>>> print(open('structure_7.csv').read())   # CSV, C-alpha atoms
chain,number,residue,atom,x,y,z
H,1,MET,CA,21.9,-3.4,20.8
H,2,ALA,CA,18.3,-3.4,19.6
H,3,VAL,CA,15.6,-1.9,21.8
H,4,SER,CA,13.1,-4.2,23.4
H,5,LYS,CA,9.4,-3.9,23.9
H,6,ASP,CA,10.0,-3.8,27.7
H,7,GLN,CA,12.3,-0.8,27.3
H,8,VAL,CA,9.7,1.0,25.3
H,9,LEU,CA,7.0,0.3,27.9
H,10,ALA,CA,9.4,1.5,30.7
H,11,ALA,CA,9.9,4.8,28.8
H,12,LEU,CA,6.2,5.2,28.2
H,13,ALA,CA,5.5,4.7,31.8
H,14,LYS,CA,7.0,8.1,32.5
H,15,ILE,CA,4.6,9.8,30.2
H,16,PRO,CA,1.3,10.9,31.8
H,17,ALA,CA,-2.0,10.8,30.0
H,18,PRO,CA,-4.3,13.8,30.2
H,19,ASP,CA,-5.9,12.3,33.4
H,20,GLY,CA,-2.4,11.8,35.0
H,21,GLN,CA,-2.2,8.0,34.6
H,22,PRO,CA,1.0,6.5,33.2
H,23,LEU,CA,0.4,5.9,29.5
H,24,PRO,CA,0.7,2.1,29.6
H,25,GLN,CA,-2.0,1.9,32.2
H,26,THR,CA,-4.6,3.8,30.2
H,27,GLY,CA,-5.6,0.9,27.8
H,28,VAL,CA,-5.1,3.1,24.7
H,29,LEU,CA,-1.9,1.5,23.4
H,30,SER,CA,-1.8,-0.9,20.6
H,31,GLU,CA,0.6,-3.9,20.3
H,32,ILE,CA,4.1,-2.5,20.3
H,33,VAL,CA,6.4,-3.6,17.5
H,34,ALA,CA,10.1,-3.2,18.1
H,35,ASN,CA,12.5,-4.7,15.6
H,36,ASP,CA,16.0,-3.8,14.5
H,37,GLY,CA,15.8,-0.3,16.1
H,38,LYS,CA,12.4,0.5,14.5
H,39,VAL,CA,9.5,1.0,16.9
H,40,PHE,CA,5.8,1.2,15.9
H,41,PHE,CA,2.6,1.6,18.0
H,42,SER,CA,-0.6,3.6,18.1
H,43,ILE,CA,-2.6,5.4,20.7
H,44,ALA,CA,-6.4,5.0,20.1
H,45,VAL,CA,-8.7,7.4,21.8
H,46,ASP,CA,-12.2,8.8,21.5
H,47,ALA,CA,-12.6,11.4,18.8
H,48,THR,CA,-13.9,14.0,21.3
H,49,VAL,CA,-10.6,14.1,23.3
H,50,VAL,CA,-8.1,13.7,20.5
H,51,GLN,CA,-6.7,17.2,20.8
H,52,GLN,CA,-5.8,16.6,24.4
H,53,TRP,CA,-3.8,13.5,23.4
H,54,GLU,CA,-1.7,15.0,20.6
H,55,PRO,CA,0.9,16.4,23.1
H,56,VAL,CA,1.0,13.0,24.8
H,57,ARG,CA,1.7,11.3,21.4
H,58,LYS,CA,4.5,13.8,20.8
H,59,ARG,CA,6.1,13.2,24.2
H,60,ALA,CA,5.8,9.4,23.8
H,61,GLU,CA,7.5,9.6,20.5
H,62,ASP,CA,10.3,11.8,21.8
H,63,ALA,CA,10.8,9.5,24.8
H,64,VAL,CA,11.1,6.4,22.7
H,65,ARG,CA,13.4,8.1,20.2
H,66,THR,CA,16.0,8.8,23.0
H,67,LEU,CA,16.3,5.1,24.0
H,68,PRO,CA,19.6,3.5,23.1
H,69,GLY,CA,19.4,1.4,19.9
H,70,VAL,CA,16.3,3.2,18.5
H,71,GLN,CA,16.7,4.3,14.9
H,72,SER,CA,13.2,5.5,14.0
H,73,VAL,CA,9.8,5.7,15.7
H,74,MET,CA,6.3,5.8,14.3
H,75,VAL,CA,3.6,6.7,16.8
H,76,ALA,CA,0.1,7.1,15.4
H,77,LEU,CA,-2.7,8.9,17.2
H,78,THR,CA,-6.0,7.5,16.0
H,79,ALA,CA,-9.5,8.5,16.9
H,80,GLU,CA,-12.9,6.7,16.8
H,81,ARG,CA,-16.3,7.6,18.0
H,82,LYS,CA,-17.9,5.4,20.6
H,83,ALA,CA,-20.9,3.3,19.8
H,84,GLY,CA,-24.0,5.5,19.4
H,85,ALA,CA,-22.0,8.6,18.5
H,86,GLY,CA,-23.0,8.6,14.8
H,87,GLY,CA,-21.5,5.2,13.9
H,88,ALA,CA,-18.4,6.7,12.4
H,89,ARG,CA,-15.7,4.4,11.2
H,90,PRO,CA,-12.3,4.6,12.8
H,91,GLN,CA,-10.3,7.4,11.2
H,92,PRO,CA,-6.8,9.0,11.4
H,93,ALA,CA,-6.8,11.7,14.0
H,94,ALA,CA,-4.7,14.9,14.0
H,95,PRO,CA,-1.7,14.8,11.7
H,96,THR,CA,1.3,13.1,13.1
H,97,HIS,CA,4.9,14.2,12.7
H,98,GLY,CA,5.4,15.6,9.2
H,99,GLN,CA,1.9,14.5,8.0
H,100,GLN,CA,0.3,17.3,5.9
H,101,GLY,CA,-3.3,17.4,7.0
H,102,ALA,CA,-5.9,14.8,7.6
H,103,ALA,CA,-7.9,12.9,4.9
H,104,PRO,CA,-9.8,15.3,2.8
H,105,GLY,CA,-13.5,15.5,3.3
H,106,HIS,CA,-16.2,16.7,1.0
H,107,GLY,CA,-14.8,19.4,-1.2
H,108,GLN,CA,-11.3,19.5,0.3
H,109,GLY,CA,-8.3,19.3,-2.0
H,110,MET,CA,-5.9,16.5,-2.1
H,111,ILE,CA,-2.2,16.7,-1.3
H,112,GLY,CA,0.1,14.8,-3.7
H,113,VAL,CA,3.4,13.3,-2.9
H,114,PRO,CA,6.1,15.9,-3.6
H,115,GLY,CA,8.1,15.1,-6.7
H,116,VAL,CA,5.7,12.3,-7.9
H,117,GLU,CA,3.9,13.1,-11.1
H,118,ALA,CA,1.3,10.3,-11.1
H,119,ILE,CA,0.2,7.6,-8.6
H,120,ILE,CA,-1.6,4.5,-9.7
H,121,ALA,CA,-3.0,1.7,-7.6
H,122,VAL,CA,-2.8,-2.0,-8.6
H,123,ALA,CA,-5.6,-3.8,-6.8
H,124,SER,CA,-7.7,-7.0,-6.7
H,125,GLY,CA,-11.0,-7.9,-5.2
H,126,LYS,CA,-9.5,-11.0,-3.6
H,127,GLY,CA,-6.1,-12.5,-2.7
H,128,GLY,CA,-4.2,-15.1,-4.6
H,129,VAL,CA,-4.6,-13.7,-8.1
H,130,GLY,CA,-1.0,-12.6,-8.6
H,131,LYS,CA,-1.6,-8.9,-8.0
H,132,SER,CA,1.8,-8.2,-6.4
H,133,THR,CA,3.7,-10.0,-9.1
H,134,THR,CA,1.7,-8.0,-11.7
H,135,ALA,CA,2.5,-4.7,-9.8
H,136,VAL,CA,6.2,-5.4,-9.8
H,137,ASN,CA,6.4,-6.3,-13.4
H,138,LEU,CA,4.1,-3.5,-14.4
H,139,ALA,CA,6.5,-1.1,-12.6
H,140,LEU,CA,9.4,-2.6,-14.4
H,141,GLY,CA,7.6,-2.3,-17.7
H,142,LEU,CA,6.9,1.4,-17.1
H,143,ARG,CA,10.6,1.7,-16.3
H,144,ASP,CA,11.5,0.1,-19.7
H,145,LEU,CA,9.3,2.7,-21.4
H,146,GLY,CA,11.7,5.4,-20.1
H,147,LEU,CA,9.8,6.5,-17.0
H,148,LYS,CA,11.3,7.0,-13.6
H,149,VAL,CA,9.2,4.6,-11.4
H,150,GLY,CA,8.7,3.9,-7.7
H,151,ILE,CA,6.7,1.2,-6.1
H,152,LEU,CA,5.0,1.3,-2.6
H,153,ASP,CA,3.9,-1.9,-0.9
H,154,ALA,CA,0.6,-0.8,0.7
H,155,ASP,CA,-0.3,-4.3,2.0
H,156,ILE,CA,0.5,-3.8,5.7
H,157,TYR,CA,-0.6,-7.2,6.8
H,158,GLY,CA,1.0,-9.2,4.0
H,159,PRO,CA,3.8,-7.2,2.4
H,160,SER,CA,5.2,-9.0,-0.7
H,161,LEU,CA,7.9,-6.7,-2.1
H,162,PRO,CA,10.7,-7.9,0.2
H,163,LYS,CA,10.4,-11.4,-1.3
H,164,LEU,CA,9.5,-10.4,-4.9
H,165,LEU,CA,12.5,-8.1,-5.1
H,166,ALA,CA,14.8,-10.1,-2.8
H,167,ILE,CA,15.3,-7.0,-0.6
H,168,ARG,CA,16.7,-7.9,2.9
H,169,GLU,CA,18.4,-4.6,3.9
H,170,LYS,CA,16.7,-2.0,6.0
H,171,PRO,CA,16.0,1.5,4.8
H,172,GLN,CA,18.2,4.3,6.2
H,173,THR,CA,16.7,7.1,8.2
H,174,ILE,CA,17.3,10.8,7.4
H,175,GLY,CA,17.3,13.0,10.4
H,176,GLY,CA,15.6,10.4,12.5
H,177,THR,CA,12.2,11.3,11.0
H,178,ARG,CA,12.2,10.4,7.3
H,179,LEU,CA,13.1,7.2,5.5
H,180,LYS,CA,15.3,6.7,2.5
H,181,PRO,CA,13.7,4.1,0.2
H,182,ILE,CA,15.6,1.2,-1.3
H,183,THR,CA,16.6,1.0,-5.0
H,184,ARG,CA,16.3,-2.3,-6.9
H,185,TYR,CA,16.3,-2.9,-10.7
H,186,GLY,CA,16.0,0.9,-11.2
H,187,LEU,CA,12.9,1.1,-9.0
H,188,THR,CA,12.5,3.2,-5.9
H,189,VAL,CA,10.9,0.8,-3.4
H,190,MET,CA,9.3,1.1,0.0
H,191,SER,CA,7.4,-1.5,2.1
H,192,ILE,CA,6.5,-2.0,5.8
H,193,GLY,CA,8.1,-5.4,5.3
H,194,PHE,CA,11.5,-3.7,5.2
H,195,LEU,CA,11.0,-2.6,8.8
H,196,ILE,CA,9.8,-5.8,10.5
H,197,GLU,CA,10.8,-9.4,10.5
H,198,GLU,CA,9.1,-11.6,8.0
H,199,GLU,CA,7.3,-13.7,10.6
H,200,THR,CA,6.2,-10.8,12.8
H,201,PRO,CA,2.4,-10.6,12.9
H,202,MET,CA,1.0,-7.1,12.3
H,203,ILE,CA,-1.7,-6.9,15.0
H,204,TRP,CA,-2.8,-3.5,14.0
H,205,ARG,CA,-6.3,-2.0,13.9
H,206,GLY,CA,-7.6,-0.1,10.9
H,207,PRO,CA,-6.5,3.4,12.1
H,208,MET,CA,-2.9,2.3,12.6
H,209,VAL,CA,-2.8,0.8,9.1
H,210,ILE,CA,-4.1,4.1,7.7
H,211,SER,CA,-1.5,6.1,9.6
H,212,ALA,CA,1.3,3.8,8.5
H,213,LEU,CA,0.2,4.1,4.8
H,214,THR,CA,0.1,7.9,5.1
H,215,GLN,CA,3.5,8.0,6.6
H,216,MET,CA,5.0,5.8,4.0
H,217,LEU,CA,3.7,8.2,1.4
H,218,ARG,CA,4.5,11.5,3.1
H,219,GLU,CA,7.6,10.7,5.2
H,220,VAL,CA,9.7,8.8,2.7
H,221,GLU,CA,12.2,10.6,0.4
H,222,TRP,CA,10.7,9.4,-2.9
H,223,GLY,CA,12.7,11.9,-5.0
H,224,THR,CA,11.4,12.8,-8.5
H,225,LEU,CA,9.2,10.1,-10.0
H,226,ASP,CA,7.1,10.0,-13.2
H,227,VAL,CA,4.9,7.2,-11.7
H,228,MET,CA,4.4,5.6,-8.3
H,229,VAL,CA,2.9,2.2,-8.5
H,230,VAL,CA,1.0,1.2,-5.3
H,231,ASP,CA,0.6,-2.5,-4.6
H,232,MET,CA,-2.7,-2.4,-2.7
H,233,PRO,CA,-3.9,-5.1,-0.3
H,234,PRO,CA,-6.7,-7.3,-1.7
H,235,GLY,CA,-10.3,-6.3,-1.1
H,236,THR,CA,-12.1,-3.0,-0.7
H,237,GLY,CA,-11.3,-1.9,2.8
H,238,ASP,CA,-9.7,1.0,4.7
H,239,ALA,CA,-6.4,1.0,2.8
H,240,GLN,CA,-8.2,1.4,-0.6
H,241,LEU,CA,-10.5,4.1,0.7
H,242,THR,CA,-7.6,5.9,2.4
H,243,MET,CA,-5.6,6.0,-0.8
H,244,ALA,CA,-8.6,7.2,-2.7
H,245,GLN,CA,-9.4,9.9,-0.2
H,246,GLN,CA,-5.9,11.2,0.6
H,247,VAL,CA,-4.0,10.8,-2.6
H,248,PRO,CA,-4.8,12.1,-6.1
H,249,LEU,CA,-4.7,8.7,-7.8
H,250,LYS,CA,-4.5,8.9,-11.6
H,251,GLY,CA,-6.2,5.5,-11.8
H,252,ALA,CA,-6.4,1.9,-10.7
H,253,VAL,CA,-5.4,-1.3,-12.5
H,254,ILE,CA,-7.5,-4.3,-11.5
H,255,VAL,CA,-6.0,-7.8,-11.5
H,256,SER,CA,-8.2,-10.9,-11.8
H,257,THR,CA,-8.1,-14.5,-12.9
H,258,PRO,CA,-10.7,-15.7,-15.4
H,259,GLN,CA,-12.6,-17.6,-12.7
H,260,ASP,CA,-16.2,-16.4,-12.1
H,261,LEU,CA,-15.5,-16.1,-8.3
H,262,ALA,CA,-12.5,-13.9,-8.9
H,263,LEU,CA,-14.4,-11.8,-11.4
H,264,ILE,CA,-17.2,-11.2,-8.9
H,265,ASP,CA,-14.6,-9.7,-6.5
H,266,ALA,CA,-12.9,-7.8,-9.2
H,267,ARG,CA,-16.3,-6.3,-10.1
H,268,ARG,CA,-16.6,-5.0,-6.5
H,269,GLY,CA,-13.1,-3.4,-6.7
H,270,ILE,CA,-14.0,-1.7,-9.9
H,271,ALA,CA,-17.3,-0.4,-8.4
H,272,MET,CA,-15.5,0.9,-5.4
H,273,PHE,CA,-12.9,2.9,-7.4
H,274,LYS,CA,-15.6,4.3,-9.6
H,275,ARG,CA,-17.6,5.2,-6.5
H,276,VAL,CA,-14.7,7.3,-5.1
H,277,ASN,CA,-14.0,8.9,-8.5
H,278,VAL,CA,-10.8,7.0,-9.3
H,279,PRO,CA,-10.5,6.2,-13.0
H,280,VAL,CA,-10.2,2.4,-13.7
H,281,LEU,CA,-7.2,2.2,-16.1
H,282,GLY,CA,-8.2,-1.4,-17.0
H,283,ILE,CA,-8.2,-5.0,-16.1
H,284,VAL,CA,-5.4,-7.6,-16.4
H,285,GLU,CA,-6.4,-11.2,-16.7
H,286,ASN,CA,-3.6,-13.0,-14.8
H,287,MET,CA,-3.1,-16.8,-15.0
H,288,SER,CA,-5.1,-16.5,-18.2
H,289,TYR,CA,-4.0,-19.9,-19.6
H,290,PHE,CA,-1.3,-22.5,-19.1
H,291,LEU,CA,1.2,-23.5,-21.8
H,292,CYS,CA,2.8,-26.9,-21.2
H,293,PRO,CA,6.6,-26.4,-21.2
H,294,GLU,CA,7.1,-29.9,-22.6
H,295,CYS,CA,4.5,-30.1,-25.4
H,296,GLY,CA,3.3,-26.6,-25.9
H,297,THR,CA,-0.4,-27.6,-25.3
H,298,ARG,CA,-2.5,-24.8,-24.0
H,299,SER,CA,-4.9,-25.4,-21.1
H,300,ASP,CA,-7.4,-22.9,-19.7
H,301,ILE,CA,-7.1,-24.1,-16.1
H,302,PHE,CA,-9.2,-21.2,-14.7
H,303,GLY,CA,-11.3,-20.7,-17.8
H,304,HIS,CA,-10.3,-18.0,-20.3
H,305,GLY,CA,-11.5,-14.6,-21.5
H,306,GLY,CA,-13.6,-13.8,-18.4
H,307,ALA,CA,-11.7,-10.6,-17.6
H,308,ARG,CA,-11.9,-9.4,-21.2
H,309,GLN,CA,-15.6,-10.0,-21.3
H,310,GLU,CA,-16.0,-8.3,-17.9
H,311,ALA,CA,-14.0,-5.3,-19.1
H,312,GLU,CA,-16.3,-5.0,-22.2
H,313,ARG,CA,-19.4,-5.3,-20.1
H,314,LEU,CA,-18.2,-2.6,-17.6
H,315,LYS,CA,-16.8,-0.4,-20.4
H,316,VAL,CA,-13.3,-0.3,-19.0
H,317,PRO,CA,-10.1,-1.0,-20.9
H,318,PHE,CA,-8.7,-4.6,-21.1
H,319,LEU,CA,-5.0,-4.4,-20.6
H,320,GLY,CA,-3.9,-7.9,-21.5
H,321,GLU,CA,-3.5,-11.6,-20.6
H,322,VAL,CA,-0.7,-13.0,-18.5
H,323,PRO,CA,-0.2,-16.8,-18.7
H,324,LEU,CA,0.2,-19.1,-15.8
H,325,HIS,CA,3.8,-20.1,-16.3
H,326,MET,CA,6.5,-21.8,-14.2
H,327,THR,CA,9.1,-19.2,-15.2
H,328,ILE,CA,7.0,-16.3,-13.9
H,329,ARG,CA,6.4,-18.1,-10.6
H,330,GLU,CA,10.0,-19.3,-10.1
H,331,LYS,CA,11.4,-15.9,-10.9
H,332,SER,CA,9.0,-14.2,-8.6
H,333,ASP,CA,9.8,-16.5,-5.7
H,334,ALA,CA,13.5,-16.0,-6.2
H,335,GLY,CA,13.2,-12.2,-6.2
H,336,LEU,CA,14.1,-12.1,-9.9
H,337,PRO,CA,11.1,-10.6,-11.7
H,338,VAL,CA,10.9,-11.6,-15.4
H,339,VAL,CA,10.8,-8.1,-16.9
H,340,ALA,CA,14.2,-7.3,-15.2
H,341,THR,CA,15.9,-10.7,-15.5
H,342,GLU,CA,14.6,-12.0,-18.9
H,343,PRO,CA,13.9,-8.7,-20.7
H,344,ASP,CA,13.9,-10.3,-24.1
H,345,GLY,CA,11.5,-13.0,-23.2
H,346,ALA,CA,7.8,-13.4,-24.2
H,347,HIS,CA,6.6,-12.7,-20.6
H,348,ALA,CA,8.5,-9.4,-20.4
H,349,GLU,CA,7.0,-8.4,-23.7
H,350,ILE,CA,3.5,-9.1,-22.3
H,351,TYR,CA,4.1,-6.9,-19.2
H,352,ARG,CA,5.6,-4.1,-21.3
H,353,GLY,CA,2.5,-4.2,-23.5
H,354,ILE,CA,0.3,-3.8,-20.4
H,355,ALA,CA,2.6,-1.0,-19.2
H,356,ALA,CA,2.3,0.9,-22.5
H,357,LYS,CA,-1.5,0.8,-22.3
H,358,VAL,CA,-1.3,2.2,-18.7
H,359,ARG,CA,1.2,4.9,-19.7
H,360,ASP,CA,-1.0,6.0,-22.6
H,361,GLN,CA,-3.8,6.8,-20.1
H,362,LEU,CA,-1.8,8.7,-17.6
H,363,GLY,CA,-2.1,12.0,-19.5
H,364,ALA,CA,-5.6,12.5,-18.1
H,365,GLY,CA,-6.1,15.6,-15.9
H,366,ALA,CA,-6.0,15.8,-12.2
H,367,ARG,CA,-8.8,14.1,-10.3
H,368,ALA,CA,-11.1,16.0,-7.9
H,369,ALA,CA,-11.4,14.8,-4.3
H,370,PRO,CA,-14.1,12.0,-4.1
H,371,LYS,CA,-17.5,12.6,-2.8
H,372,ILE,CA,-18.6,9.5,-1.1
H,373,VAL,CA,-22.4,9.0,-0.9
H,374,ILE,CA,-23.7,6.8,1.8
H,375,GLU,CA,-26.9,5.2,0.7
H,376,ALA,CA,-29.6,4.4,3.2
>>> encode(input="structure_7.csv", output="structure tokens")
Amino acid sequence: MAVSKDQVLAALAKIPAPDGQPLPQTGVLSEIVANDGKVFFSIAVDATVVQQWEPVRKRAEDAVRTLPGVQSVMVALTAERKAGAGGARPQPAAPTHGQQGAAPGHGQGMIGVPGVEAIIAVASGKGGVGKSTTAVNLALGLRDLGLKVGILDADIYGPSLPKLLAIREKPQTIGGTRLKPITRYGLTVMSIGFLIEEETPMIWRGPMVISALTQMLREVEWGTLDVMVVDMPPGTGDAQLTMAQQVPLKGAVIVSTPQDLALIDARRGIAMFKRVNVPVLGIVENMSYFLCPECGTRSDIFGHGGARQEAERLKVPFLGEVPLHMTIREKSDAGLPVVATEPDGAHAEIYRGIAAKVRDQLGAGARAAPKIVIEA
């Protein structure tokens, strides 16, 4: 029998806060997500008292873990400064279970993911440009080049990998604290979407998202990988900065359509990664052109060549053009990515060409921790 939200709250009511109040009455709890034996919530407190709250977080986690039907628990302790206290952004607090240190600051070293040789981000400045489809087929292209590849779905609010890879099973837990990723098409795969129902809204604040990302990196048994591809959420927010600050990314692949509007947002993404010292491995122009399946006529629905020109202007590599084609869309919707299911087709060849260009750049040396300069 699956655990309910009310059962979780009843267990938490027995946990006193530092001031003696029952935890649910303190106003520090986020929305509690309880699905299929997986429980997630955060405790958000002021940064000045965070050390007092870590024992509370640990007791809360232990209490929920003992409930019948609970398979795994993730409780994040997050801290933020009150208005007027330096204007700091919300940030992860003390390391939670198994987390190896907080985000590195100026001059601190980064901690990689054990067993993972290189981590690359696939990002876009805006949604709707086919970033996740590109990430999956890029990962499969790297696999076809003989690399051992994993893919992490870092889009907490809109996870795509469960659908793109037709994964409906839940990951197993190891010792109640670590997750065993799912294998599909030779890829090692992890997504928050495996742990929640498809229609469950993720009503999480930024710090909870950061903590969830950190735990999917650090508390998943990834094994030995040559490359981990991270499918980033669109935009240039907390998730991107968290990955840049906490993980030694070897580089970022930017996905854009040829449209001027999409290119403006892609430009912002490139600027952000450069700002935090992440090499830009290149730009992919997705939905580059449309070939009529009946007559073979080519139509540049969103324009054409804009991403290539932008790459030349910004002096970053241009990785390739992916057409707007029904086969790619239909296969993606069915969880049958073209590189895996039509390996001899023209589309698979395009993605493998992009993957080869990415692979060729992964021999670069380790990246130093970013120094983020705040301009007045």
>>> closest_residue(input="structure_7.csv", among="H:Ala123, H:Leu138, H:Ala63, H:Val116", to="Val338 (chain H)", atoms="all atoms listed in the file")
H:Leu138
>>> closest_residue(input="structure_7.csv", among="H:Leu152, H:Ala266, H:Ala118, H:Val284", to="Pro323 (chain H)", atoms="all atoms listed in the file")
H:Val284
>>> atom_distance(input="structure_7.csv", atom1="CA of Ser332 (chain H)", atom2="CA of Asn137 (chain H)")
9.6 Å
>>> atom_distance(input="structure_7.csv", atom1="CA of Ala348 (chain H)", atom2="CA of Asp265 (chain H)")
27.0 Å
>>> atom_distance(input="structure_7.csv", atom1="CA of Val280 (chain H)", atom2="CA of Gly251 (chain H)")
5.4 Å
>>> closest_residue(input="structure_7.csv", among="H:Pro171, H:Gly223, H:Gly130, H:Pro114", to="Lys148 (chain H)", atoms="all atoms listed in the file")
H:Gly223
>>> residues_near_point(input="structure_7.csv", point="(11.4, -9.1, -18.7)", cutoff="9 Å", atoms="all atoms listed in the file", output="PyMOL selection string")
chain H and resi 137+140-141+337-352
>>> residues_around(input="structure_7.csv", residues="Val39 (chain H)", least_positions_apart="6", cutoff="7 Å", atoms="all atoms listed in the file", output="list in words")
Val33, Ser72, Val73 and Met74 of chain H
>>> residues_around(input="structure_7.csv", residues="Leu314 (chain H)", least_positions_apart="3", cutoff="9 Å", atoms="only C-alpha atoms", output="list in words")
Arg267, Ile270, Gln309, Glu310, Ala311 and Pro317 of chain H
>>> residues_around(input="structure_7.csv", residues="Thr188 (chain H)", least_positions_apart="2", cutoff="9 Å", atoms="all atoms listed in the file", output="PDB file with C-alpha atoms, in the coordinates of the input")
ATOM      1  CA  LYS H 148      11.300   7.000 -13.600  1.00  0.00           C
ATOM      2  CA  VAL H 149       9.200   4.600 -11.400  1.00  0.00           C
ATOM      3  CA  GLY H 150       8.700   3.900  -7.700  1.00  0.00           C
ATOM      4  CA  ILE H 151       6.700   1.200  -6.100  1.00  0.00           C
ATOM      5  CA  LEU H 152       5.000   1.300  -2.600  1.00  0.00           C
ATOM      6  CA  PRO H 181      13.700   4.100   0.200  1.00  0.00           C
ATOM      7  CA  ILE H 182      15.600   1.200  -1.300  1.00  0.00           C
ATOM      8  CA  THR H 183      16.600   1.000  -5.000  1.00  0.00           C
ATOM      9  CA  ARG H 184      16.300  -2.300  -6.900  1.00  0.00           C
ATOM     10  CA  TYR H 185      16.300  -2.900 -10.700  1.00  0.00           C
ATOM     11  CA  GLY H 186      16.000   0.900 -11.200  1.00  0.00           C
ATOM     12  CA  MET H 190       9.300   1.100   0.000  1.00  0.00           C
ATOM     13  CA  TRP H 222      10.700   9.400  -2.900  1.00  0.00           C
ATOM     14  CA  GLY H 223      12.700  11.900  -5.000  1.00  0.00           C
ATOM     15  CA  LEU H 225       9.200  10.100 -10.000  1.00  0.00           C
ATOM     16  CA  MET H 228       4.400   5.600  -8.300  1.00  0.00           C
TER      17      MET H 228
END
>>> residues_around(input="structure_7.csv", residues="Gly69 (chain H)", least_positions_apart="3", cutoff="10 Å", atoms="only C-alpha atoms", output="ChimeraX atom specification")
/H:1-4,36-38,65-66,72
>>> residues_around(input="structure_7.csv", residues="region 285-287 of chain H", least_positions_apart="3", cutoff="6 Å", atoms="all atoms listed in the file", output="list of chain:residue names")
H:Ser256, H:Thr257, H:Ala307, H:Glu321, H:Val322, H:Pro323, H:Leu324
